[in-house]
Every structure is written in structure tokens, then in C-alpha cells.
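upload.cif, holding mmCIF, C-alpha atoms:
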```cif
data_data
loop_
_atom_site.label_atom_id
_atom_site.label_comp_id
_atom_site.auth_asym_id
_atom_site.auth_seq_id
_atom_site.Cartn_x
_atom_site.Cartn_y
_atom_site.Cartn_z
CA MET A 30 37.27 12.46 19.38
CA PRO A 31 35.10 13.75 16.52
CA ALA A 32 31.37 13.95 17.12
CA ALA A 33 30.81 11.88 13.97
CA SER A 34 33.16 9.55 12.15
CA PHE A 35 33.40 7.33 9.09
CA GLN A 36 34.52 3.72 9.20
CA ARG A 37 34.53 1.00 6.58
CA HIS A 38 34.07 -2.73 6.72
CA ASP A 39 35.03 -4.12 3.31
CA GLN A 40 32.46 -2.65 0.90
CA LEU A 41 30.18 -1.32 3.66
CA GLY A 42 30.77 2.14 5.08
CA GLU A 43 29.47 3.22 8.46
CA ILE A 44 28.91 6.77 9.69
CA VAL A 45 28.57 6.93 13.47
CA ILE A 46 27.26 9.92 15.42
CA ASP A 47 28.79 10.10 18.89
CA ASN A 48 28.08 13.34 20.73
CA PRO A 49 26.91 12.27 24.21
CA PRO A 50 24.67 12.28 26.01
CA MET A 51 21.88 12.98 23.47
CA ASN A 52 23.85 13.49 20.23
CA LEU A 53 22.65 17.07 19.89
CA PHE A 54 23.50 18.73 16.59
CA SER A 55 26.06 21.28 17.68
CA SER A 56 28.17 23.25 15.24
CA GLU A 57 30.93 20.70 15.84
CA LEU A 58 28.69 17.74 15.05
CA ILE A 59 27.46 19.37 11.85
CA VAL A 60 31.05 19.90 10.69
CA ASP A 61 32.18 16.41 11.72
CA LEU A 62 29.17 14.77 10.09
CA ARG A 63 29.83 16.59 6.83
CA ASN A 64 33.47 15.46 6.98
CA ALA A 65 32.35 11.86 7.53
CA VAL A 66 29.95 12.06 4.57
CA ASP A 67 32.68 13.49 2.35
CA GLN A 68 35.04 10.72 3.44
CA ALA A 69 32.42 8.12 2.50
CA ALA A 70 31.91 9.77 -0.89
CA GLY A 71 35.65 9.59 -1.57
CA THR A 72 35.91 5.84 -1.09
CA ASP A 73 34.81 2.84 -3.13
CA VAL A 74 32.29 1.59 -0.53
CA ARG A 75 29.01 0.43 -2.04
CA ALA A 76 26.57 1.18 0.79
CA VAL A 77 26.57 3.25 3.97
CA LEU A 78 24.95 2.64 7.33
CA LEU A 79 24.22 5.75 9.41
CA ARG A 80 23.71 5.19 13.11
CA ALA A 81 24.41 6.75 16.51
CA ASN A 82 25.92 5.64 19.79
CA GLY A 83 24.20 6.23 23.12
CA PRO A 84 20.59 6.10 24.35
CA ALA A 85 19.17 8.09 21.41
CA PHE A 86 19.87 8.65 17.75
CA SER A 87 19.61 12.37 18.50
CA ALA A 88 17.29 14.75 20.31
CA GLY A 89 17.85 17.32 17.56
CA ALA A 90 19.73 20.59 17.43
CA ASP A 91 21.68 22.18 20.20
CA VAL A 92 19.44 25.25 20.12
CA SER A 93 22.36 27.53 20.97
CA ILE A 94 23.31 27.37 17.29
CA PHE A 95 20.35 29.69 16.61
CA THR A 96 21.34 32.42 19.06
CA GLY A 97 23.44 35.52 18.47
CA LEU A 98 23.20 35.36 14.68
CA ASP A 99 22.95 38.20 12.21
CA ASP A 100 21.50 38.03 8.70
CA SER A 101 24.77 36.81 7.19
CA SER A 102 25.41 34.07 9.75
CA ALA A 103 21.76 32.90 9.65
CA THR A 104 22.03 32.58 5.87
CA THR A 105 25.31 30.69 6.23
CA LEU A 106 23.79 28.29 8.77
CA MET A 107 20.89 27.56 6.42
CA ALA A 108 23.25 26.91 3.51
CA THR A 109 25.51 24.69 5.65
CA VAL A 110 22.79 22.38 6.93
CA LEU A 111 21.02 22.07 3.59
CA SER A 112 24.33 21.32 1.90
CA LEU A 113 24.90 18.53 4.43
CA ILE A 114 21.52 16.99 3.64
CA GLN A 115 22.15 17.17 -0.08
CA ALA A 116 25.60 15.63 0.32
CA ILE A 117 24.00 12.61 2.02
CA GLU A 118 21.29 12.37 -0.62
CA TYR A 119 23.80 12.47 -3.45
CA LEU A 120 25.98 9.66 -2.13
CA PRO A 121 26.17 7.30 -5.12
CA PHE A 122 25.15 4.15 -3.27
CA PRO A 123 22.34 2.98 -0.97
CA THR A 124 22.15 4.55 2.48
CA LEU A 125 20.34 3.16 5.52
CA ALA A 126 19.69 5.16 8.69
CA LEU A 127 19.11 3.31 11.97
CA VAL A 128 17.27 5.43 14.54
CA HIS A 129 16.55 4.59 18.14
CA GLY A 130 15.42 6.21 21.37
CA ARG A 131 14.64 9.70 20.12
CA CYS A 132 14.94 11.15 16.64
CA PHE A 133 13.86 14.77 16.68
CA ALA A 134 14.07 17.84 14.44
CA GLY A 135 17.42 18.10 12.60
CA ALA A 136 18.20 14.49 13.37
CA LEU A 137 15.08 13.42 11.52
CA GLU A 138 16.13 15.59 8.58
CA VAL A 139 19.47 13.76 8.47
CA ALA A 140 17.68 10.41 8.52
CA LEU A 141 15.33 11.60 5.76
CA ALA A 142 18.38 12.26 3.57
CA CYS A 143 19.04 8.51 3.56
CA ASP A 144 17.34 6.14 1.15
CA LEU A 145 15.92 3.94 3.89
CA ILE A 146 15.14 4.46 7.57
CA TRP A 147 14.76 1.64 10.09
CA ALA A 148 13.75 2.33 13.68
CA ALA A 149 13.98 0.45 16.94
CA ALA A 150 10.62 -0.43 18.44
CA GLY A 151 9.47 2.32 20.78
CA THR A 152 11.51 5.07 19.12
CA GLU A 153 9.98 8.54 19.46
CA ILE A 154 10.17 10.63 16.29
CA GLY A 155 9.15 14.22 15.62
CA GLN A 156 9.78 17.32 13.57
CA LEU A 157 9.70 19.73 16.51
CA GLU A 158 11.08 23.05 15.27
CA ALA A 159 7.74 24.85 15.69
CA VAL A 160 8.15 24.45 19.46
CA ILE A 161 10.90 27.12 19.34
CA GLY A 162 9.15 29.18 16.66
CA GLY A 163 10.94 27.68 13.67
CA PHE A 164 10.46 25.23 10.85
CA PRO A 165 12.73 22.43 9.57
CA PHE A 166 15.71 24.43 8.33
CA ALA A 167 17.41 21.45 6.64
CA GLY A 168 14.55 20.63 4.29
CA GLY A 169 12.51 18.30 6.46
CA THR A 170 9.13 19.68 5.37
CA GLN A 171 9.50 18.79 1.71
CA ARG A 172 11.29 15.53 2.38
CA LEU A 173 8.53 14.42 4.73
CA ALA A 174 5.97 15.33 2.07
CA ALA A 175 7.84 13.23 -0.50
CA ARG A 176 7.53 10.18 1.77
CA ILE A 177 4.17 10.55 3.50
CA GLY A 178 2.25 13.22 1.57
CA ALA A 179 1.66 16.91 2.16
CA SER A 180 -1.17 16.51 4.67
CA ARG A 181 0.73 14.30 7.08
CA ALA A 182 3.90 16.32 6.57
CA ALA A 183 1.97 19.45 7.56
CA GLU A 184 0.63 17.67 10.64
CA MET A 185 4.13 16.65 11.72
CA VAL A 186 5.74 20.04 11.06
CA ILE A 187 2.99 22.44 12.13
CA GLY A 188 1.71 20.26 14.95
CA ALA A 189 5.24 19.50 16.20
CA GLY A 190 4.00 16.24 17.66
CA ILE A 191 6.02 13.25 18.81
CA TYR A 192 5.05 9.99 17.13
CA PRO A 193 5.92 6.37 17.88
CA ALA A 194 7.86 4.51 15.23
CA GLU A 195 4.99 2.06 15.01
CA THR A 196 2.72 4.82 13.66
CA LEU A 197 5.26 6.21 11.23
CA VAL A 198 6.02 2.85 9.64
CA GLU A 199 2.31 2.65 8.81
CA TRP A 200 2.51 6.15 7.29
CA GLY A 201 5.44 5.11 5.09
CA LEU A 202 8.07 7.30 6.73
CA LEU A 203 10.00 4.26 7.97
CA SER A 204 10.75 1.07 6.08
CA ARG A 205 10.87 -1.20 9.13
CA VAL A 206 10.52 -1.23 12.91
CA ILE A 207 12.87 -3.73 14.54
CA PRO A 208 13.20 -4.88 18.17
CA ALA A 209 15.73 -2.58 19.79
CA ASP A 210 18.17 -5.36 20.64
CA ARG A 211 18.30 -6.41 16.98
CA LEU A 212 18.35 -3.04 15.22
CA GLU A 213 22.09 -2.61 14.79
CA ALA A 214 22.88 -6.23 13.87
CA ASP A 215 19.94 -6.62 11.49
CA GLY A 216 20.57 -3.21 9.95
CA ARG A 217 24.25 -3.90 9.41
CA ARG A 218 23.46 -7.29 7.86
CA PHE A 219 20.95 -5.73 5.46
CA ALA A 220 23.29 -2.85 4.57
CA ALA A 221 26.07 -5.36 3.87
CA SER A 222 23.75 -7.15 1.46
CA LEU A 223 23.15 -3.84 -0.32
CA ALA A 224 26.92 -3.30 -0.51
CA ALA A 225 27.23 -6.66 -2.26
CA GLY A 226 24.46 -5.82 -4.71
CA PRO A 227 24.38 -4.26 -8.20
CA THR A 228 25.73 -0.84 -7.28
CA ILE A 229 25.41 0.61 -10.78
CA ALA A 230 21.71 -0.29 -10.85
CA HIS A 231 21.18 1.05 -7.32
CA GLN A 232 22.77 4.36 -8.29
CA ALA A 233 20.40 4.58 -11.26
CA THR A 234 17.44 3.87 -8.98
CA LYS A 235 18.49 6.73 -6.70
CA ARG A 236 18.72 9.14 -9.64
CA ILE A 237 15.32 8.06 -10.97
CA LEU A 238 13.69 8.56 -7.58
CA ARG A 239 15.35 11.96 -7.22
CA ALA A 240 14.00 12.98 -10.61
CA TRP A 241 10.53 11.75 -9.65
CA ARG A 242 10.57 13.79 -6.45
CA SER A 243 11.39 16.98 -8.33
CA GLY A 244 9.44 16.48 -11.56
CA GLY A 245 7.12 13.50 -11.31
CA ILE A 246 6.85 10.46 -13.57
CA SER A 247 7.71 12.36 -16.76
CA ALA A 248 11.00 13.61 -15.33
CA ALA A 249 11.82 10.15 -13.96
CA ASP A 250 11.12 8.57 -17.36
CA GLN A 251 13.60 10.94 -18.99
CA VAL A 252 16.31 10.09 -16.47
CA MET A 253 15.55 6.39 -16.85
CA GLN A 254 16.18 6.64 -20.60
CA SER A 255 19.74 7.76 -19.96
CA GLU A 256 20.36 5.50 -16.96
CA GLY A 257 19.07 2.31 -18.55
CA PRO A 258 21.64 1.52 -21.26
CA PRO A 259 24.73 1.68 -18.98
CA VAL A 260 23.00 -0.64 -16.54
CA ILE A 261 22.00 -3.08 -19.30
CA LEU A 262 25.57 -3.09 -20.61
CA SER A 263 27.22 -3.42 -17.19
CA GLN A 264 29.20 -6.52 -16.34
CA ASP A 265 27.02 -6.88 -13.25
CA LEU A 266 23.79 -7.23 -15.23
CA GLN A 267 25.34 -9.50 -17.84
CA ARG A 268 26.79 -11.67 -15.10
CA GLY A 269 23.43 -11.64 -13.32
CA VAL A 270 21.63 -12.80 -16.45
CA ALA A 271 24.14 -15.62 -16.99
CA SER A 272 23.83 -16.68 -13.35
CA LEU A 273 20.04 -16.70 -13.53
CA ILE A 274 20.11 -18.90 -16.64
CA SER A 275 22.66 -21.33 -15.25
CA SER A 276 21.80 -21.47 -11.55
CA GLY A 277 18.47 -19.74 -10.93
CA PRO A 278 17.86 -16.59 -8.87
CA GLY A 279 19.97 -15.53 -5.91
CA HIS A 280 23.40 -16.77 -6.97
CA ALA A 281 24.83 -13.80 -8.87
CA THR A 282 27.78 -11.83 -7.55
CA PHE A 283 28.30 -8.15 -8.40
CA THR A 284 31.50 -6.13 -8.58
CA ASN A 285 30.26 -2.60 -9.43
CA ARG A 286 31.41 -2.88 -13.06
#
```
Full structure transcribed into C-alpha cells:
Amino acid sequence: MPAASFQRHDQLGEIVIDNPPMNLFSSELIVDLRNAVDQAAGTDVRAVLLRANGPAFSAGADVSIFTGLDDSSATTLMATVLSLIQAIEYLPFPTLALVHGRCFAGALEVALACDLIWAAAGTEIGQLEAVIGGFPFAGGTQRLAARIGASRAAEMVIGAGIYPAETLVEWGLLSRVIPADRLEADGRRFAASLAAGPTIAHQATKRILRAWRSGGISAADQVMQSEGPPVILSQDLQRGVASLISSGPGHATFTNR
């Protein structure tokens, strides 16, 4: 059994981490997760849910991946994990991570690569690499800063603290905190609604946000200029306008055209 796999349910894709007991990011999980992401990218799904089986989303890296390396293999490891994060970020549809139990270190970096993060109530979350003398090797520092600001990102990374989900939703790291017994069902329902949405417009939104993160409002405005016309001319928007005029809001259907 792979340590991560891709499944699809109509237009909704689902990537499931399953590396018991604590879903540690071993070399095998990193490879299997990248394969699952690539499988998702090669399909026509219109949203992806990322979740994990077991008592925790993940307690982070299997620290043995950092031992016995030379300069070349350390550089390769860095390139591999950052490439995984970027592959998730560049998926051309909305992505929702559901975290529960514990979400530490590299696992948090994987969640941060998704557009939205929901957490089960009581989840413990932390960027803990400083505990072993490291820093977030898959880009967690800058991705935390993009969501919660440099000061709080520095606190999480340098302080290596463990925070309750209830604090981090107030900071803006998480979108929602959900009762644990509802997280998977509510998350899947919401992700399915995204998969039925205007995918072309959602893809444009992702590109605009990515431009804003790298270059601010000016860069985002430039990307928006190129993204806007195809969205305006899409069948989805034209159908949405006609539906709004004839039936009011909330009745349009979208087909990613």
C-alpha cells in the first residue's frame, strides 16, 4: 500500500496520507505524495481535498531523512521537498487541507501549500524544526508569513511552539475550526461545492493571489489584466449571468468551459 494515494469522486479529487501510526514524512511518503499530486494534476477533477487517516494528520518528518547526508544529497532533499510544495500550489483548481490531531513541521508546510486549511477542534499545530536545529526546509517560513505576517511567522518558526487550532484560526492561518466528528464530512461537502463551481475563475483567483504574494498589488493587477478576459468570455460566466437574470443567485451550473 502506498503511503499516500489519489482517489476521485466525480469532479472532486482526494489525496489521502496513510502512513501509520503518525503519518511521519518518510522518504517513501514524500515520493508517494508527489505521485498522488501528479496524478491529480493529470485528471480533469475541479477541486482536491487533502486529508490523512489515523489519529493525526502528521507529526512531521521522520527525522532519519536528515541523517547520513552529504552536500549533494542534502541539496537534493531540499529540492525534492520544495518541488512537492510547489506542485501542490500550482494545481489548477481549489485545494482544501483537513488537519486533525497533530500537524507539525513538514506536515504543516504541506497544508500551507493548499489554498484553504480547516482543522478539527483541539488540533495541535506547530512549525517545530528549530527543536532539532533546523528551519522549515519546504518553505514554511515564507508561507506562514504570507498568511499571518512576518512577526507571527517568526514566533512560530523561531519559537517552535505548539499552538491550538483555536488560536491559529484567529491569526488567519486556518479558515475554519470544525468539531472533530464533522471535519471530514463537512470538508468533503465544501470541497465538492468548489468542484462544482466556476473552475476557470477559481484558477484565475489562484494565479492572482500567487502574484500578490510574490510582488504585491501591482503584480496582482498585471496578472488580473490577462486573467480577466478569458473568465469574462467563458461559458461558465455567461451562463452564470443568464441564470442570475432569469432565476436569481445560486442557481447557475458550471462546466469548466
Once you count all atoms listed in the file, which residues end up no further than 8 Å from (21.1, -8.2, -8.4) in the file's frame, shown as a PDB file with C-alpha atoms, in the coordinates of the input?
```pdb
ATOM      1  CA  GLY A 226      24.460  -5.820  -4.710  1.00  0.00           C
ATOM      2  CA  PRO A 227      24.380  -4.260  -8.200  1.00  0.00           C
ATOM      3  CA  ASP A 265      27.020  -6.880 -13.250  1.00  0.00           C
ATOM      4  CA  LEU A 266      23.790  -7.230 -15.230  1.00  0.00           C
ATOM      5  CA  GLY A 269      23.430 -11.640 -13.320  1.00  0.00           C
ATOM      6  CA  GLY A 279      19.970 -15.530  -5.910  1.00  0.00           C
ATOM      7  CA  ALA A 281      24.830 -13.800  -8.870  1.00  0.00           C
ATOM      8  CA  THR A 282      27.780 -11.830  -7.550  1.00  0.00           C
ATOM      9  CA  PHE A 283      28.300  -8.150  -8.400  1.00  0.00           C
TER      10      PHE A 283
END
```
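The coordinates place CA of Arg242 (chain A) at 25.5 Å from CA of Ile59 (chain A).
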Just to confirm, what's the straight-line distance from CA of Ala150 (chain A) to CA of Arg80 (chain A) in Å (one decimal)? 15.2 Å
Any idea what's packed within 10 Å of Lys235 (chain A), counting only C-alpha atoms, ignoring anything in its chain fewer than 5 positions away? Could you give it as a PyMOL selection string? chain A and resi 118-123+144+230+240-241
Now that the selection is made, can you save its residues with C-alpha atoms as a short mmCIF file (atom, residue, chain, number, x, y, z; two decimals), in the coordinates of the input?
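Result written to selection-v3.cif:
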```cif
data_model
loop_
_atom_site.label_atom_id
_atom_site.label_comp_id
_atom_site.auth_asym_id
_atom_site.auth_seq_id
_atom_site.Cartn_x
_atom_site.Cartn_y
_atom_site.Cartn_z
CA GLU A 118 21.29 12.37 -0.62
CA TYR A 119 23.80 12.47 -3.45
CA LEU A 120 25.98 9.66 -2.13
CA PRO A 121 26.17 7.30 -5.12
CA PHE A 122 25.15 4.15 -3.27
CA PRO A 123 22.34 2.98 -0.97
CA ASP A 144 17.34 6.14 1.15
CA ALA A 230 21.71 -0.29 -10.85
CA ALA A 240 14.00 12.98 -10.61
CA TRP A 241 10.53 11.75 -9.65
#
```
Can you give me, as a ChimeraX atom specification, the residues this file yields under the PyMOL selection byres ((chain A and resi 36) around 10)? /A:34-35,37-39,41-45,65,68-69,77-78
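Applying the 6 Å criterion to (12.1, 6.3, 16.5) in file coordinates and using all atoms listed in the file, one obtains the residues Val128, His129, Gly130, Arg131, Cys132, Ala148, Thr152, Glu153, Ile154 and Ala194 of chain A.
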Report the residues retrieved by the PyMOL selection byres ((chain A and resi 33) around 10) from the displayed file, expressed as a VMD selection string. chain A and resid 30 to 32 34 to 35 44 to 48 52 57 to 66 80 to 82
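The shortest atom-to-atom distance to Ala225 (chain A), with all atoms listed in the file taken into account, belongs to A:Arg75 out of A:Arg75, A:Arg211, A:Arg176, A:Arg205.
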Using only C-alpha atoms, determine which residues lie at most 8 Å from Glu158 (chain A), disregarding the query and same-chain residues fewer than 4 positions distant; provide the list as a VMD selection string. chain A and resid 134 162 to 165 186 189
In Å, how far is it from CA of Ala90 (chain A) to CA of Arg239 (chain A)?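 If I compute the distance from CA of Ala90 (chain A) to CA of Arg239 (chain A), I get 26.5 Å.
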Contacts of Ala214 (chain A) at 12 Å (all atoms listed in the file; same-chain gap of 5+ positions) as a VMD selection string: chain A and resid 78 80 127 147 149 207 to 209 219 to 221
Min atom-atom distance to Thr72 (chain A) from the set A:Leu262, A:Leu125, A:Gln40, A:Ala174, counting only C-alpha atoms, belongs to A:Gln40
Explicit residue set for the PyMOL selection byres ((chain A and resi 91) around 9), as a JSON list (two decimals) with C-alpha atoms, in the frame of the given file:
```json
[["chain", "number", "residue", "atom", "x", "y", "z"],
["A", 52, "ASN", "CA", 23.85, 13.49, 20.23],
["A", 53, "LEU", "CA", 22.65, 17.07, 19.89],
["A", 54, "PHE", "CA", 23.50, 18.73, 16.59],
["A", 55, "SER", "CA", 26.06, 21.28, 17.68],
["A", 56, "SER", "CA", 28.17, 23.25, 15.24],
["A", 88, "ALA", "CA", 17.29, 14.75, 20.31],
["A", 89, "GLY", "CA", 17.85, 17.32, 17.56],
["A", 90, "ALA", "CA", 19.73, 20.59, 17.43],
["A", 92, "VAL", "CA", 19.44, 25.25, 20.12],
["A", 93, "SER", "CA", 22.36, 27.53, 20.97],
["A", 94, "ILE", "CA", 23.31, 27.37, 17.29],
["A", 95, "PHE", "CA", 20.35, 29.69, 16.61]]
```
Let me make sure I understand: among A:Met253, A:Ser87, A:Leu106, A:Ile117, which one has the smallest atom-to-atom distance to Phe133 (chain A) if we use all atoms listed in the file?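 For Phe133 (chain A), the nearest of the candidates is A:Ser87.
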Any idea what's packed within 8 Å of Leu111 (chain A), counting all atoms listed in the file, ignoring anything in its chain fewer than 6 positions away? Could you give it as a PyMOL selection string? chain A and resi 166-168
Measuring atom to atom with only C-alpha atoms, identify which of A:Ile261, A:Leu203, A:Met185, A:Leu212 is nearest to Ile229 (chain A).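 Under the stated criterion, the closest residue is A:Ile261.
Minimum distance to Ser180 (chain A) across A:Val74, A:Ser247, A:Gly151, A:Trp200 (counting all atoms listed in the file) occurs at A:Trp200.
Look at Ala140 (chain A): the protein and nucleic acid residues within 8 Å of it, using only C-alpha atoms and passing over chain neighbours fewer than 4 places away, are Ala126, Val128, Ala136 and Ile146 of chain A.
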Nearest-residue call for Asp250 (chain A), choices A:Val110, A:Arg236, A:Ala85, A:Ile274, using only C-alpha atoms: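 Going through A:Val110, A:Arg236, A:Ala85, A:Ile274 one by one, the smallest distance to Asp250 (chain A) is for A:Arg236.
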